[in-house]
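**Q** What follows is model-v9.csv, made up of CSV, C-alpha atoms:
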```csv
chain,number,residue,atom,x,y,z
A,1,MET,CA,193.2,73.6,116.7
A,2,THR,CA,192.6,76.3,119.3
A,3,THR,CA,189.9,76.1,121.8
A,4,GLU,CA,188.1,78.9,120.1
A,5,THR,CA,187.9,77.2,116.7
A,6,LEU,CA,186.9,73.9,118.4
A,7,ALA,CA,184.1,75.8,120.1
A,8,GLU,CA,183.0,77.2,116.8
A,9,SER,CA,183.0,73.9,115.0
A,10,ALA,CA,181.1,72.4,117.9
A,11,SER,CA,178.4,75.1,117.8
A,12,GLU,CA,178.1,74.5,114.0
A,13,GLU,CA,177.4,70.9,114.7
A,14,VAL,CA,174.5,71.6,117.0
A,15,ALA,CA,173.1,74.4,114.9
A,16,PRO,CA,169.6,73.5,113.9
A,17,GLU,CA,169.1,72.7,110.2
A,18,LYS,CA,167.8,75.7,108.3
A,19,GLU,CA,164.2,75.8,107.2
A,20,LYS,CA,163.8,75.1,103.5
A,21,MET,CA,161.9,77.1,100.9
A,22,VAL,CA,161.3,75.8,97.4
A,23,LEU,CA,160.0,77.9,94.5
A,24,ILE,CA,159.0,76.4,91.2
A,25,ALA,CA,159.4,79.1,88.5
A,26,ALA,CA,157.4,77.9,85.6
A,27,SER,CA,156.7,81.1,83.8
A,28,GLY,CA,159.0,83.6,82.1
A,29,ASP,CA,156.4,86.4,82.4
A,30,LEU,CA,157.8,89.4,84.0
A,31,ASP,CA,154.8,89.6,86.5
A,32,LYS,CA,155.7,86.0,87.6
A,33,ALA,CA,159.5,86.1,87.5
A,34,TRP,CA,159.5,89.3,89.6
A,35,PRO,CA,157.6,87.8,92.6
A,36,VAL,CA,159.6,84.6,92.3
A,37,MET,CA,162.8,86.5,92.8
A,38,ILE,CA,161.3,88.8,95.5
A,39,LEU,CA,160.2,85.8,97.5
A,40,ALA,CA,163.5,83.9,96.9
A,41,THR,CA,165.7,86.8,98.2
A,42,THR,CA,163.3,87.5,101.1
A,43,GLY,CA,163.4,83.8,102.1
A,44,ALA,CA,167.2,84.1,102.1
A,45,ALA,CA,166.9,87.2,104.3
A,46,TYR,CA,164.8,85.1,106.7
A,47,GLY,CA,167.8,82.8,107.0
A,48,MET,CA,166.1,80.0,105.0
A,49,ASP,CA,167.7,77.6,102.7
A,50,VAL,CA,166.1,78.6,99.4
A,51,THR,CA,166.1,76.7,96.1
A,52,VAL,CA,164.4,78.0,92.9
A,53,PHE,CA,163.7,75.3,90.3
A,54,PHE,CA,163.3,76.8,86.8
A,55,THR,CA,161.2,74.9,84.4
A,56,PHE,CA,159.4,75.5,81.0
A,57,TRP,CA,159.3,79.2,80.3
A,58,GLY,CA,160.7,79.9,83.7
A,59,LEU,CA,164.1,78.9,82.2
A,60,HIS,CA,164.1,82.1,80.2
A,61,ILE,CA,164.6,84.0,83.4
A,62,LEU,CA,168.1,82.4,83.4
A,63,ARG,CA,168.9,83.0,79.7
A,64,LYS,CA,172.1,85.0,79.2
A,65,PRO,CA,171.3,88.4,77.5
A,66,GLY,CA,171.7,88.2,73.8
A,67,ILE,CA,170.9,84.5,73.5
A,68,GLY,CA,168.8,84.3,70.3
A,69,ILE,CA,167.4,81.2,68.7
A,70,THR,CA,168.3,77.9,70.3
A,71,GLY,CA,167.9,74.3,69.5
A,72,GLU,CA,168.5,72.0,66.5
A,73,ASP,CA,164.9,71.1,65.7
A,74,TRP,CA,162.8,73.6,63.8
A,75,ARG,CA,160.1,73.4,66.5
A,76,GLN,CA,162.7,74.3,69.2
A,77,LYS,CA,163.9,77.1,67.0
A,78,MET,CA,160.4,78.5,66.5
A,79,LEU,CA,159.6,78.3,70.2
A,80,SER,CA,162.8,80.2,71.1
A,81,ALA,CA,162.2,82.7,68.4
A,82,PHE,CA,158.7,83.5,69.6
A,83,SER,CA,159.7,83.7,73.2
A,84,GLN,CA,162.3,86.5,73.2
A,85,GLY,CA,162.1,89.1,75.9
A,86,PRO,CA,160.0,89.1,79.0
A,87,ARG,CA,156.2,89.2,78.6
A,88,LEU,CA,153.4,90.3,80.8
A,89,SER,CA,150.6,87.8,81.4
A,90,LYS,CA,148.2,90.6,81.0
A,91,LEU,CA,148.4,93.9,79.0
A,92,HIS,CA,151.4,92.8,77.0
A,93,PHE,CA,150.6,95.2,74.2
A,94,GLY,CA,153.2,93.8,71.9
A,95,GLY,CA,156.0,94.5,74.4
A,96,MET,CA,154.8,97.9,75.5
A,97,GLY,CA,153.4,96.5,78.7
A,98,PRO,CA,156.7,94.9,80.1
A,99,LYS,CA,158.6,98.0,79.0
A,100,MET,CA,156.3,100.3,80.9
A,101,MET,CA,156.4,98.1,84.0
A,102,LYS,CA,160.2,97.9,83.9
A,103,ASP,CA,160.4,101.7,83.5
A,104,LEU,CA,157.9,102.2,86.4
A,105,GLY,CA,160.0,99.8,88.5
A,106,ASP,CA,163.1,102.0,87.8
A,107,ASP,CA,161.2,105.1,88.7
A,108,LYS,CA,159.8,103.7,91.9
A,109,GLY,CA,163.0,102.1,93.2
A,110,VAL,CA,162.0,98.5,92.6
A,111,ALA,CA,164.9,96.2,92.1
A,112,SER,CA,164.8,94.6,88.6
A,113,VAL,CA,164.6,90.8,88.1
A,114,GLN,CA,168.2,90.9,87.0
A,115,GLU,CA,169.3,92.7,90.1
A,116,LEU,CA,167.3,90.3,92.3
A,117,LEU,CA,168.9,87.3,90.5
A,118,GLU,CA,172.4,88.7,91.3
A,119,LEU,CA,171.4,89.4,94.9
A,120,ALA,CA,169.9,85.9,95.3
A,121,GLN,CA,173.1,84.4,94.1
A,122,GLY,CA,175.1,86.5,96.5
A,123,MET,CA,172.8,85.4,99.4
A,124,GLY,CA,173.3,81.7,98.6
A,125,VAL,CA,169.9,81.0,96.9
A,126,LYS,CA,170.3,77.8,94.8
A,127,LEU,CA,169.1,78.2,91.2
A,128,TRP,CA,168.3,74.9,89.5
A,129,PRO,CA,167.5,74.7,85.8
A,130,CYS,CA,165.3,71.8,84.8
A,131,GLN,CA,167.2,69.3,82.7
A,132,MET,CA,164.2,67.9,80.8
A,133,THR,CA,162.8,71.3,79.7
A,134,MET,CA,166.3,72.4,78.7
A,135,ASP,CA,166.5,69.4,76.4
A,136,LEU,CA,163.0,70.0,75.2
A,137,MET,CA,163.7,73.6,74.4
A,138,GLY,CA,167.2,73.1,73.0
A,139,LEU,CA,168.9,75.1,75.8
A,140,ASP,CA,172.5,74.3,76.7
A,141,PRO,CA,174.1,75.3,80.0
A,142,ASP,CA,176.1,77.8,77.9
A,143,HIS,CA,172.9,79.6,77.1
A,144,LEU,CA,172.2,80.2,80.8
A,145,ILE,CA,173.8,82.7,83.2
A,146,ASP,CA,176.8,81.6,85.3
A,147,GLY,CA,176.7,80.4,88.8
A,148,LEU,CA,173.7,78.1,88.5
A,149,ASP,CA,173.4,74.7,90.2
A,150,LYS,CA,173.5,71.5,88.2
A,151,PRO,CA,170.4,70.9,86.1
A,152,ALA,CA,168.0,68.6,87.9
A,153,GLY,CA,164.7,66.9,87.6
A,154,ALA,CA,161.3,66.5,89.2
A,155,GLY,CA,162.7,63.9,91.6
A,156,SER,CA,165.1,66.4,93.1
A,157,ALA,CA,162.4,69.0,93.3
A,158,ILE,CA,160.0,66.6,95.2
A,159,SER,CA,162.8,65.4,97.4
A,160,LEU,CA,163.4,69.0,98.5
A,161,MET,CA,159.7,70.0,98.7
A,162,LYS,CA,159.0,66.9,100.9
A,163,ASP,CA,161.0,68.5,103.7
A,164,ALA,CA,160.4,72.2,102.9
A,165,SER,CA,158.3,74.4,105.1
A,166,ILE,CA,157.4,76.6,102.1
A,167,SER,CA,156.9,75.3,98.5
A,168,LEU,CA,155.3,77.5,95.9
A,169,PHE,CA,154.6,77.0,92.2
A,170,ILE,CA,154.6,80.4,90.5
B,1,MET,CA,172.8,106.1,118.9
B,2,ALA,CA,172.7,102.8,117.0
B,3,ASP,CA,175.8,100.9,116.3
B,4,LEU,CA,175.0,100.7,112.6
B,5,ILE,CA,172.8,102.8,110.3
B,6,VAL,CA,171.2,100.9,107.4
B,7,ASP,CA,169.9,103.2,104.7
B,8,ALA,CA,167.1,101.6,102.7
B,9,ARG,CA,165.5,104.9,101.6
B,10,ASN,CA,164.0,105.0,98.1
B,11,LEU,CA,164.1,101.2,97.9
B,12,GLN,CA,161.0,99.2,97.5
B,13,CYS,CA,160.0,95.8,98.8
B,14,PRO,CA,161.9,93.5,99.2
B,15,MET,CA,165.0,95.6,99.6
B,16,PRO,CA,164.5,97.0,103.1
B,17,VAL,CA,164.3,93.4,104.5
B,18,LEU,CA,167.3,92.3,102.4
B,19,LYS,CA,169.2,95.3,103.7
B,20,ILE,CA,168.4,94.7,107.4
B,21,SER,CA,169.2,91.0,107.0
B,22,GLN,CA,172.7,92.0,105.7
B,23,GLY,CA,173.1,94.7,108.4
B,24,ILE,CA,172.3,92.4,111.3
B,25,THR,CA,175.2,90.2,110.3
B,26,GLN,CA,177.6,93.1,110.9
B,27,ILE,CA,176.7,93.7,114.5
B,28,GLU,CA,177.0,91.6,117.6
B,29,SER,CA,174.2,90.2,119.8
B,30,GLY,CA,172.9,93.1,122.0
B,31,GLN,CA,174.1,95.8,119.6
B,32,THR,CA,171.6,97.9,117.7
B,33,LEU,CA,171.1,99.0,114.1
B,34,GLU,CA,168.9,101.7,112.8
B,35,LEU,CA,167.1,101.1,109.5
B,36,VAL,CA,165.8,104.0,107.6
B,37,ALA,CA,163.2,103.3,104.9
B,38,THR,CA,160.7,105.0,102.8
B,39,ASP,CA,158.8,101.9,101.6
B,40,ARG,CA,155.4,102.0,103.4
B,41,GLY,CA,155.4,98.2,103.4
B,42,SER,CA,158.3,98.3,105.8
B,43,LEU,CA,155.9,99.2,108.5
B,44,SER,CA,154.6,95.7,108.4
B,45,ASP,CA,157.6,93.8,107.0
B,46,ILE,CA,160.3,95.0,109.3
B,47,PRO,CA,158.5,94.2,112.6
B,48,SER,CA,157.6,90.8,111.2
B,49,TRP,CA,161.1,90.0,110.1
B,50,THR,CA,162.5,91.3,113.4
B,51,ARG,CA,160.1,89.2,115.5
B,52,ASP,CA,160.5,86.0,113.4
B,53,LEU,CA,164.3,86.2,113.5
B,54,GLY,CA,164.4,86.7,117.3
B,55,HIS,CA,165.5,90.3,117.4
B,56,THR,CA,163.8,93.2,119.1
B,57,ILE,CA,162.5,96.6,118.0
B,58,LYS,CA,163.6,99.1,120.6
B,59,GLU,CA,162.2,102.1,118.9
B,60,GLN,CA,160.2,103.0,115.9
B,61,PHE,CA,159.2,106.4,114.6
B,62,GLU,CA,158.4,108.4,111.5
B,63,GLN,CA,160.3,111.5,110.6
B,64,ASP,CA,160.0,113.6,107.5
B,65,GLY,CA,158.2,110.8,105.7
B,66,GLU,CA,160.9,108.3,106.6
B,67,PHE,CA,160.4,105.3,108.8
B,68,HIS,CA,163.1,104.5,111.4
B,69,PHE,CA,163.4,101.2,113.1
B,70,VAL,CA,166.0,100.7,115.9
B,71,VAL,CA,166.5,97.0,116.1
B,72,GLN,CA,168.5,95.2,118.8
B,73,LYS,CA,170.2,91.9,117.7
B,74,GLY,CA,168.9,88.9,119.6
```
For this file, write the structure as structure tokens.

**A**
Amino acid sequence: MTTETLAESASEEVAPEKEKMVLIAASGDLDKAWPVMILATTGAAYGMDVTVFFTFWGLHILRKPGIGITGEDWRQKMLSAFSQGPRLSKLHFGGMGPKMMKDLGDDKGVASVQELLELAQGMGVKLWPCQMTMDLMGLDPDHLIDGLDKPAGAGSAISLMKDASISLFI
Amino acid sequence: MADLIVDARNLQCPMPVLKISQGITQIESGQTLELVATDRGSLSDIPSWTRDLGHTIKEQFEQDGEFHFVVQKG
């Protein structure tokens, strides 16, 4: 090992631990998913160690495109059938609202949720799907986009938030 | 003249901050980059990011509706 690499590894050892930011994404609504991903990427741009924990409808942000009805149970199937596509929490208008907001985003140069997800992954943001809600909703890891962290639970989320300087439930 | 130009024109929040955070990794301490943005939120966001991350704004001006920030890496 050269002196230089030794110096590098020594400086790595004394480097202060990164500040942590934890976001709980509990909604699949476009007007919630968007700020989740905006804050996650900006946290990473601030040099923070960012984890987003996706639970309940928030898991739908991570669904691969084209994933239709999921689950074995008729109730799971119904839930997934009626939750296709992003919604707006207000002014949904049977899908017109989200379409209009996405088109506006394109016109105004706002990065889409999908683009921000990819950026977040590139910036080292950890994306955790919630195991319990995956089971509840009949979602398999195959239904979700690649590059996610292992599914985890509330204990892992609390363990992270306990030491995080920013924790938000969105 | 800055050591690196970062073009964030026609990109909205949070892209200018993401762009400058990527740009700053490409220069050495003491070198400068110039971020050009059209997002009006940058006027608040870029100075905050720069201060919080320990860098310095050497120059800031508006030209033809574009906001320029010359940032020296700390």

**Q** Taking all atoms listed in the file into account, what are the residues of chain B at most 10 Å from chain A, put as a count of residues only?

**A** 19

**Q** Nearest residue to Gly58 in chain A out of A:Val125, A:Ile145, A:Leu79, A:Leu30, using all atoms listed in the file?

**A**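 Checking each candidate against Gly58 in chain A, we get A:Leu30 as the closest.
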
**Q** To one decimal in Å, tell me the separation between CA of Pro65 in chain A and CA of Leu127 in chain A.

**A**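 The value is 17.2 Å.
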
**Q** Please indicate the distance in Å from CA of Gly153 in chain A to CA of Met132 in chain A, rounded to one decimal place.

**A** 6.9 Å

**Q** For CA of Ser48 in chain B and CA of Met161 in chain A, quote the distance in Å rounded to one decimal.

**A**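 CA of Met161 in chain A lies 24.4 Å from CA of Ser48 in chain B.
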
**Q** B:Val36, B:Val71, B:Val6, B:Ile24: which is nearest Thr56 in chain B, counting only C-alpha atoms?

**A**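 Nearest to Thr56 in chain B: B:Val71.
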
**Q** Extract, using all atoms listed in the file, all DNA, RNA and protein residues at most 8 Å from Asp3 in chain B, discarding same-chain residues fewer than 4 positions from it, and format them as a ChimeraX atom specification.

**A** /B:27,31-34

**Q** Determine the nearest neighbour of Val50 in chain A from the options A:Met21, A:Met101, A:Leu91, A:Leu148, counting all atoms listed in the file.

**A** A:Met21

**Q** List as a compact mmCIF listing (two decimals) with C-alpha atoms, in the frame of the given file the residues having at least one atom at most 12 Å from position (159.9, 83.1, 90.0) as given in the file, counting all atoms listed in the file.

**A**
```
# COMPACT_ATOMS: atom_id res chain seq x y z
CA VAL A 22 161.30 75.80 97.40
CA LEU A 23 160.00 77.90 94.50
CA ILE A 24 159.00 76.40 91.20
CA ALA A 25 159.40 79.10 88.50
CA ALA A 26 157.40 77.90 85.60
CA SER A 27 156.70 81.10 83.80
CA GLY A 28 159.00 83.60 82.10
CA ASP A 29 156.40 86.40 82.40
CA LEU A 30 157.80 89.40 84.00
CA ASP A 31 154.80 89.60 86.50
CA LYS A 32 155.70 86.00 87.60
CA ALA A 33 159.50 86.10 87.50
CA TRP A 34 159.50 89.30 89.60
CA PRO A 35 157.60 87.80 92.60
CA VAL A 36 159.60 84.60 92.30
CA MET A 37 162.80 86.50 92.80
CA ILE A 38 161.30 88.80 95.50
CA LEU A 39 160.20 85.80 97.50
CA ALA A 40 163.50 83.90 96.90
CA THR A 41 165.70 86.80 98.20
CA THR A 51 166.10 76.70 96.10
CA VAL A 52 164.40 78.00 92.90
CA PHE A 53 163.70 75.30 90.30
CA PHE A 54 163.30 76.80 86.80
CA THR A 55 161.20 74.90 84.40
CA PHE A 56 159.40 75.50 81.00
CA TRP A 57 159.30 79.20 80.30
CA GLY A 58 160.70 79.90 83.70
CA LEU A 59 164.10 78.90 82.20
CA HIS A 60 164.10 82.10 80.20
CA ILE A 61 164.60 84.00 83.40
CA LEU A 62 168.10 82.40 83.40
CA VAL A 113 164.60 90.80 88.10
CA GLN A 114 168.20 90.90 87.00
CA LEU A 116 167.30 90.30 92.30
CA LEU A 117 168.90 87.30 90.50
CA ALA A 120 169.90 85.90 95.30
CA LEU A 127 169.10 78.20 91.20
CA TRP A 128 168.30 74.90 89.50
CA SER A 167 156.90 75.30 98.50
CA LEU A 168 155.30 77.50 95.90
CA PHE A 169 154.60 77.00 92.20
CA ILE A 170 154.60 80.40 90.50
```

**Q** Output, as JSON, the centre and edge lengths in Å (one decimal) of the axis-aligned box that contains all listed atoms of range 150-157 of chain A with 5 Å of margin on each side.

**A**
```
{"center_x": 167.4, "center_y": 67.7, "center_z": 89.7, "size_x": 22.2, "size_y": 17.6, "size_z": 17.2}
```

**Q** Skipping near chain neighbours, those fewer than 4 positions away, what residues fall within 7 Å of Gly74 in chain B using all atoms listed in the file, listed as an mmCIF file with C-alpha atoms, keeping the file's coordinate frame?

**A**
```cif
data_model
loop_
_atom_site.group_PDB
_atom_site.id
_atom_site.type_symbol
_atom_site.label_atom_id
_atom_site.label_comp_id
_atom_site.auth_asym_id
_atom_site.auth_seq_id
_atom_site.Cartn_x
_atom_site.Cartn_y
_atom_site.Cartn_z
ATOM 1 C CA SER B 29 174.200 90.200 119.800
ATOM 2 C CA GLY B 30 172.900 93.100 122.000
ATOM 3 C CA GLY B 54 164.400 86.700 117.300
ATOM 4 C CA HIS B 55 165.500 90.300 117.400
ATOM 5 C CA THR B 56 163.800 93.200 119.100
#
```

**Q** Given all atoms listed in the file as the basis, pick out the residue of B:Glu28, B:Leu35, B:His68, B:Ser42 nearest to Ile5 in chain B.

**A**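 Answer, going by the shortest atom-to-atom distance: B:Leu35.
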
**Q** Please determine, counting all atoms listed in the file, which residue among A:Leu139, A:Ile67, A:Met48, A:Met134 has the shortest atom-to-atom distance to Lys20 in chain A.

**A**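 Between A:Leu139, A:Ile67, A:Met48, A:Met134, the residue approaching Lys20 in chain A most closely is A:Met48.
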